[in-house]
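The block underneath contains the structure these notes are about, expressed in structure tokens.
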Amino acid sequence: MSETKTYLNWKGPKGLETLDVVIKSELKLNAPDFRREVARLCAEYAMAGMNVYPSSRACAGWDQ
């Protein structure tokens with residue numbers, strides 16, 4: 001079974017960027033709580049003026 005990863009992407013002045021990756025197995029949360037945590041992180045970025053969105057894919061050039 002593959003681990004669930006959600007990438008937080010942002011379309012900034014230099015184009016698309018992946019800012020962060022959230023890995024479900026590291027947080028030890030069930031699916032609904034994981035989705036809530038991703039939404040909470042997106043809201044925190046929005047408060048900082050960065051309109052990020054969750055994605056199942058990272059932007060080109062993202063290396064973990």
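As shown in the structure tokens, the chain order sets the letters A, B, ...; within each chain, residues go from 1, and ligands are also counted from 1 in the order they appear.
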Give the strand (DSSP E) residues of chain A, as assigned by DSSP on the backbone, as a PyMOL selection string. chain A and resi 5-12+15-23+52-55
Do a neighbour search on region 22-33 of chain A at 10 Å with only C-alpha atoms, toss out local chain neighbours closer than 3 positions, and write the hits as a PyMOL selection string. chain A and resi 2-8+36-39+41+54
Quick one: DSSP alpha helix (DSSP H) residues in chain A, as a PDB file with all heavy atoms, in the first residue's frame?
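What follows is the written file states36.pdb:
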```pdb
ATOM      1  N   LYS A  24       0.370  11.361   5.238  1.00  0.00           N
ATOM      2  CA  LYS A  24      -0.607  10.853   6.204  1.00  0.00           C
ATOM      3  C   LYS A  24       0.040   9.947   7.258  1.00  0.00           C
ATOM      4  O   LYS A  24      -0.264  10.062   8.439  1.00  0.00           O
ATOM      5  CB  LYS A  24      -1.718  10.103   5.468  1.00  0.00           C
ATOM      6  CG  LYS A  24      -2.814   9.599   6.366  1.00  0.00           C
ATOM      7  CD  LYS A  24      -3.882   8.892   5.558  1.00  0.00           C
ATOM      8  CE  LYS A  24      -4.872   8.249   6.478  1.00  0.00           C
ATOM      9  NZ  LYS A  24      -5.778   7.366   5.753  1.00  0.00           N
ATOM     10  N   SER A  25       0.936   9.073   6.842  1.00  0.00           N
ATOM     11  CA  SER A  25       1.529   8.123   7.793  1.00  0.00           C
ATOM     12  C   SER A  25       2.380   8.830   8.851  1.00  0.00           C
ATOM     13  O   SER A  25       2.506   8.345   9.976  1.00  0.00           O
ATOM     14  CB  SER A  25       2.359   7.075   7.060  1.00  0.00           C
ATOM     15  OG  SER A  25       3.436   7.688   6.380  1.00  0.00           O
ATOM     16  N   GLU A  26       2.953   9.985   8.525  1.00  0.00           N
ATOM     17  CA  GLU A  26       3.748  10.719   9.508  1.00  0.00           C
ATOM     18  C   GLU A  26       2.867  11.393  10.558  1.00  0.00           C
ATOM     19  O   GLU A  26       3.296  11.582  11.690  1.00  0.00           O
ATOM     20  CB  GLU A  26       4.616  11.758   8.812  1.00  0.00           C
ATOM     21  CG  GLU A  26       5.749  11.152   8.019  1.00  0.00           C
ATOM     22  CD  GLU A  26       6.610  12.203   7.344  1.00  0.00           C
ATOM     23  OE1 GLU A  26       6.347  13.412   7.512  1.00  0.00           O
ATOM     24  OE2 GLU A  26       7.553  11.795   6.644  1.00  0.00           O
ATOM     25  N   LEU A  27       1.655  11.775  10.168  1.00  0.00           N
ATOM     26  CA  LEU A  27       0.757  12.452  11.107  1.00  0.00           C
ATOM     27  C   LEU A  27      -0.063  11.478  11.941  1.00  0.00           C
ATOM     28  O   LEU A  27      -0.635  11.863  12.946  1.00  0.00           O
ATOM     29  CB  LEU A  27      -0.186  13.390  10.340  1.00  0.00           C
ATOM     30  CG  LEU A  27       0.482  14.537   9.603  1.00  0.00           C
ATOM     31  CD1 LEU A  27      -0.558  15.326   8.832  1.00  0.00           C
ATOM     32  CD2 LEU A  27       1.224  15.434  10.563  1.00  0.00           C
ATOM     33  N   ALA A  31      -8.459   9.219   7.713  1.00  0.00           N
ATOM     34  CA  ALA A  31      -8.693   9.983   6.481  1.00  0.00           C
ATOM     35  C   ALA A  31      -9.423  11.311   6.712  1.00  0.00           C
ATOM     36  O   ALA A  31      -8.978  12.349   6.205  1.00  0.00           O
ATOM     37  CB  ALA A  31      -9.423   9.131   5.457  1.00  0.00           C
ATOM     38  N   PRO A  32     -10.531  11.352   7.459  1.00  0.00           N
ATOM     39  CA  PRO A  32     -11.212  12.634   7.656  1.00  0.00           C
ATOM     40  C   PRO A  32     -10.349  13.655   8.407  1.00  0.00           C
ATOM     41  O   PRO A  32     -10.332  14.842   8.051  1.00  0.00           O
ATOM     42  CB  PRO A  32     -12.457  12.280   8.462  1.00  0.00           C
ATOM     43  CG  PRO A  32     -12.693  10.831   8.207  1.00  0.00           C
ATOM     44  CD  PRO A  32     -11.338  10.247   8.005  1.00  0.00           C
ATOM     45  N   ASP A  33      -9.610  13.203   9.411  1.00  0.00           N
ATOM     46  CA  ASP A  33      -8.743  14.112  10.161  1.00  0.00           C
ATOM     47  C   ASP A  33      -7.575  14.600   9.301  1.00  0.00           C
ATOM     48  O   ASP A  33      -7.138  15.745   9.430  1.00  0.00           O
ATOM     49  CB  ASP A  33      -8.214  13.444  11.427  1.00  0.00           C
ATOM     50  CG  ASP A  33      -9.302  13.261  12.470  1.00  0.00           C
ATOM     51  OD1 ASP A  33     -10.327  13.968  12.399  1.00  0.00           O
ATOM     52  OD2 ASP A  33      -9.125  12.398  13.355  1.00  0.00           O
ATOM     53  N   PHE A  34      -7.072  13.736   8.419  1.00  0.00           N
ATOM     54  CA  PHE A  34      -6.007  14.136   7.502  1.00  0.00           C
ATOM     55  C   PHE A  34      -6.493  15.231   6.564  1.00  0.00           C
ATOM     56  O   PHE A  34      -5.812  16.236   6.356  1.00  0.00           O
ATOM     57  CB  PHE A  34      -5.513  12.919   6.710  1.00  0.00           C
ATOM     58  CG  PHE A  34      -4.434  13.242   5.716  1.00  0.00           C
ATOM     59  CD1 PHE A  34      -3.159  13.566   6.135  1.00  0.00           C
ATOM     60  CD2 PHE A  34      -4.700  13.217   4.359  1.00  0.00           C
ATOM     61  CE1 PHE A  34      -2.156  13.867   5.218  1.00  0.00           C
ATOM     62  CE2 PHE A  34      -3.712  13.514   3.436  1.00  0.00           C
ATOM     63  CZ  PHE A  34      -2.437  13.836   3.870  1.00  0.00           C
ATOM     64  N   ARG A  35      -7.699  15.070   6.006  1.00  0.00           N
ATOM     65  CA  ARG A  35      -8.251  16.101   5.119  1.00  0.00           C
ATOM     66  C   ARG A  35      -8.452  17.413   5.859  1.00  0.00           C
ATOM     67  O   ARG A  35      -8.198  18.495   5.319  1.00  0.00           O
ATOM     68  CB  ARG A  35      -9.574  15.624   4.504  1.00  0.00           C
ATOM     69  CG  ARG A  35      -9.364  14.571   3.425  1.00  0.00           C
ATOM     70  CD  ARG A  35     -10.638  14.304   2.656  1.00  0.00           C
ATOM     71  NE  ARG A  35     -11.712  13.770   3.482  1.00  0.00           N
ATOM     72  CZ  ARG A  35     -11.911  12.484   3.720  1.00  0.00           C
ATOM     73  NH1 ARG A  35     -11.106  11.586   3.193  1.00  0.00           N
ATOM     74  NH2 ARG A  35     -12.916  12.091   4.481  1.00  0.00           N
ATOM     75  N   ARG A  36      -8.890  17.346   7.122  1.00  0.00           N
ATOM     76  CA  ARG A  36      -9.056  18.560   7.933  1.00  0.00           C
ATOM     77  C   ARG A  36      -7.721  19.248   8.179  1.00  0.00           C
ATOM     78  O   ARG A  36      -7.618  20.476   8.155  1.00  0.00           O
ATOM     79  CB  ARG A  36      -9.745  18.244   9.257  1.00  0.00           C
ATOM     80  CG  ARG A  36     -11.253  18.208   9.164  1.00  0.00           C
ATOM     81  CD  ARG A  36     -11.902  18.178  10.530  1.00  0.00           C
ATOM     82  NE  ARG A  36     -11.806  16.876  11.180  1.00  0.00           N
ATOM     83  CZ  ARG A  36     -12.656  15.882  10.960  1.00  0.00           C
ATOM     84  NH1 ARG A  36     -13.654  16.019  10.124  1.00  0.00           N
ATOM     85  NH2 ARG A  36     -12.508  14.742  11.592  1.00  0.00           N
ATOM     86  N   GLU A  37      -6.683  18.462   8.419  1.00  0.00           N
ATOM     87  CA  GLU A  37      -5.347  19.029   8.648  1.00  0.00           C
ATOM     88  C   GLU A  37      -4.826  19.715   7.388  1.00  0.00           C
ATOM     89  O   GLU A  37      -4.242  20.794   7.459  1.00  0.00           O
ATOM     90  CB  GLU A  37      -4.377  17.938   9.116  1.00  0.00           C
ATOM     91  CG  GLU A  37      -2.975  18.409   9.344  1.00  0.00           C
ATOM     92  CD  GLU A  37      -2.818  19.444  10.450  1.00  0.00           C
ATOM     93  OE1 GLU A  37      -3.761  19.667  11.243  1.00  0.00           O
ATOM     94  OE2 GLU A  37      -1.734  20.045  10.528  1.00  0.00           O
ATOM     95  N   VAL A  38      -5.036  19.098   6.227  1.00  0.00           N
ATOM     96  CA  VAL A  38      -4.622  19.724   4.967  1.00  0.00           C
ATOM     97  C   VAL A  38      -5.379  21.034   4.771  1.00  0.00           C
ATOM     98  O   VAL A  38      -4.783  22.050   4.395  1.00  0.00           O
ATOM     99  CB  VAL A  38      -4.836  18.754   3.786  1.00  0.00           C
ATOM    100  CG1 VAL A  38      -4.666  19.466   2.450  1.00  0.00           C
ATOM    101  CG2 VAL A  38      -3.877  17.573   3.882  1.00  0.00           C
ATOM    102  N   ALA A  39      -6.678  21.035   5.043  1.00  0.00           N
ATOM    103  CA  ALA A  39      -7.475  22.266   4.913  1.00  0.00           C
ATOM    104  C   ALA A  39      -6.985  23.337   5.877  1.00  0.00           C
ATOM    105  O   ALA A  39      -6.926  24.523   5.537  1.00  0.00           O
ATOM    106  CB  ALA A  39      -8.948  21.955   5.159  1.00  0.00           C
ATOM    107  N   ARG A  40      -6.606  22.924   7.100  1.00  0.00           N
ATOM    108  CA  ARG A  40      -6.100  23.880   8.082  1.00  0.00           C
ATOM    109  C   ARG A  40      -4.783  24.510   7.613  1.00  0.00           C
ATOM    110  O   ARG A  40      -4.584  25.721   7.717  1.00  0.00           O
ATOM    111  CB  ARG A  40      -5.889  23.190   9.441  1.00  0.00           C
ATOM    112  CG  ARG A  40      -5.473  24.142  10.552  1.00  0.00           C
ATOM    113  CD  ARG A  40      -5.002  23.392  11.790  1.00  0.00           C
ATOM    114  NE  ARG A  40      -3.755  22.681  11.565  1.00  0.00           N
ATOM    115  CZ  ARG A  40      -2.538  23.250  11.548  1.00  0.00           C
ATOM    116  NH1 ARG A  40      -2.421  24.554  11.717  1.00  0.00           N
ATOM    117  NH2 ARG A  40      -1.460  22.531  11.362  1.00  0.00           N
ATOM    118  N   LEU A  41      -3.905  23.694   7.046  1.00  0.00           N
ATOM    119  CA  LEU A  41      -2.636  24.211   6.529  1.00  0.00           C
ATOM    120  C   LEU A  41      -2.872  25.176   5.367  1.00  0.00           C
ATOM    121  O   LEU A  41      -2.220  26.216   5.279  1.00  0.00           O
ATOM    122  CB  LEU A  41      -1.734  23.057   6.097  1.00  0.00           C
ATOM    123  CG  LEU A  41      -1.181  22.202   7.238  1.00  0.00           C
ATOM    124  CD1 LEU A  41      -0.497  20.963   6.677  1.00  0.00           C
ATOM    125  CD2 LEU A  41      -0.233  23.001   8.100  1.00  0.00           C
ATOM    126  N   CYS A  42      -3.808  24.843   4.490  1.00  0.00           N
ATOM    127  CA  CYS A  42      -4.136  25.745   3.375  1.00  0.00           C
ATOM    128  C   CYS A  42      -4.663  27.073   3.908  1.00  0.00           C
ATOM    129  O   CYS A  42      -4.323  28.137   3.387  1.00  0.00           O
ATOM    130  CB  CYS A  42      -5.158  25.093   2.448  1.00  0.00           C
ATOM    131  SG  CYS A  42      -4.489  23.739   1.464  1.00  0.00           S
ATOM    132  N   ALA A  43      -5.482  27.026   4.963  1.00  0.00           N
ATOM    133  CA  ALA A  43      -6.016  28.252   5.564  1.00  0.00           C
ATOM    134  C   ALA A  43      -4.901  29.088   6.183  1.00  0.00           C
ATOM    135  O   ALA A  43      -4.930  30.324   6.103  1.00  0.00           O
ATOM    136  CB  ALA A  43      -7.072  27.907   6.615  1.00  0.00           C
ATOM    137  N   GLU A  44      -3.910  28.443   6.788  1.00  0.00           N
ATOM    138  CA  GLU A  44      -2.783  29.191   7.360  1.00  0.00           C
ATOM    139  C   GLU A  44      -1.967  29.887   6.276  1.00  0.00           C
ATOM    140  O   GLU A  44      -1.562  31.036   6.439  1.00  0.00           O
ATOM    141  CB  GLU A  44      -1.890  28.267   8.183  1.00  0.00           C
ATOM    142  CG  GLU A  44      -2.486  27.942   9.535  1.00  0.00           C
ATOM    143  CD  GLU A  44      -1.465  27.354  10.494  1.00  0.00           C
ATOM    144  OE1 GLU A  44      -0.246  27.450  10.229  1.00  0.00           O
ATOM    145  OE2 GLU A  44      -1.906  26.811  11.505  1.00  0.00           O
ATOM    146  N   TYR A  45      -1.735  29.192   5.164  1.00  0.00           N
ATOM    147  CA  TYR A  45      -1.044  29.835   4.048  1.00  0.00           C
ATOM    148  C   TYR A  45      -1.877  30.997   3.506  1.00  0.00           C
ATOM    149  O   TYR A  45      -1.331  32.035   3.138  1.00  0.00           O
ATOM    150  CB  TYR A  45      -0.750  28.830   2.930  1.00  0.00           C
ATOM    151  CG  TYR A  45       0.511  28.023   3.136  1.00  0.00           C
ATOM    152  CD1 TYR A  45       0.457  26.667   3.448  1.00  0.00           C
ATOM    153  CD2 TYR A  45       1.760  28.602   2.997  1.00  0.00           C
ATOM    154  CE1 TYR A  45       1.611  25.915   3.620  1.00  0.00           C
ATOM    155  CE2 TYR A  45       2.924  27.860   3.158  1.00  0.00           C
ATOM    156  CZ  TYR A  45       2.843  26.520   3.476  1.00  0.00           C
ATOM    157  OH  TYR A  45       3.997  25.787   3.645  1.00  0.00           O
ATOM    158  N   ALA A  46      -3.202  30.826   3.454  1.00  0.00           N
ATOM    159  CA  ALA A  46      -4.078  31.899   2.961  1.00  0.00           C
ATOM    160  C   ALA A  46      -3.993  33.128   3.862  1.00  0.00           C
ATOM    161  O   ALA A  46      -4.014  34.264   3.373  1.00  0.00           O
ATOM    162  CB  ALA A  46      -5.512  31.399   2.865  1.00  0.00           C
ATOM    163  N   MET A  47      -3.891  32.937   5.178  1.00  0.00           N
ATOM    164  CA  MET A  47      -3.742  34.065   6.093  1.00  0.00           C
ATOM    165  C   MET A  47      -2.441  34.826   5.829  1.00  0.00           C
ATOM    166  O   MET A  47      -2.354  36.019   6.082  1.00  0.00           O
ATOM    167  CB  MET A  47      -3.780  33.596   7.550  1.00  0.00           C
ATOM    168  CG  MET A  47      -5.169  33.249   8.030  1.00  0.00           C
ATOM    169  SD  MET A  47      -5.264  32.983   9.808  1.00  0.00           S
ATOM    170  CE  MET A  47      -4.318  31.500  10.025  1.00  0.00           C
TER     171      MET A  47
END
```
A straight line from CA of Asp63 (chain A) to CA of Gly12 (chain A) spans 18.6 Å
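Between CA of Thr18 (chain A) and CA of Ala60 (chain A) there is a distance of 8.5 Å.
You will find CA of Pro13 (chain A) at 19.1 Å from CA of Ser55 (chain A).
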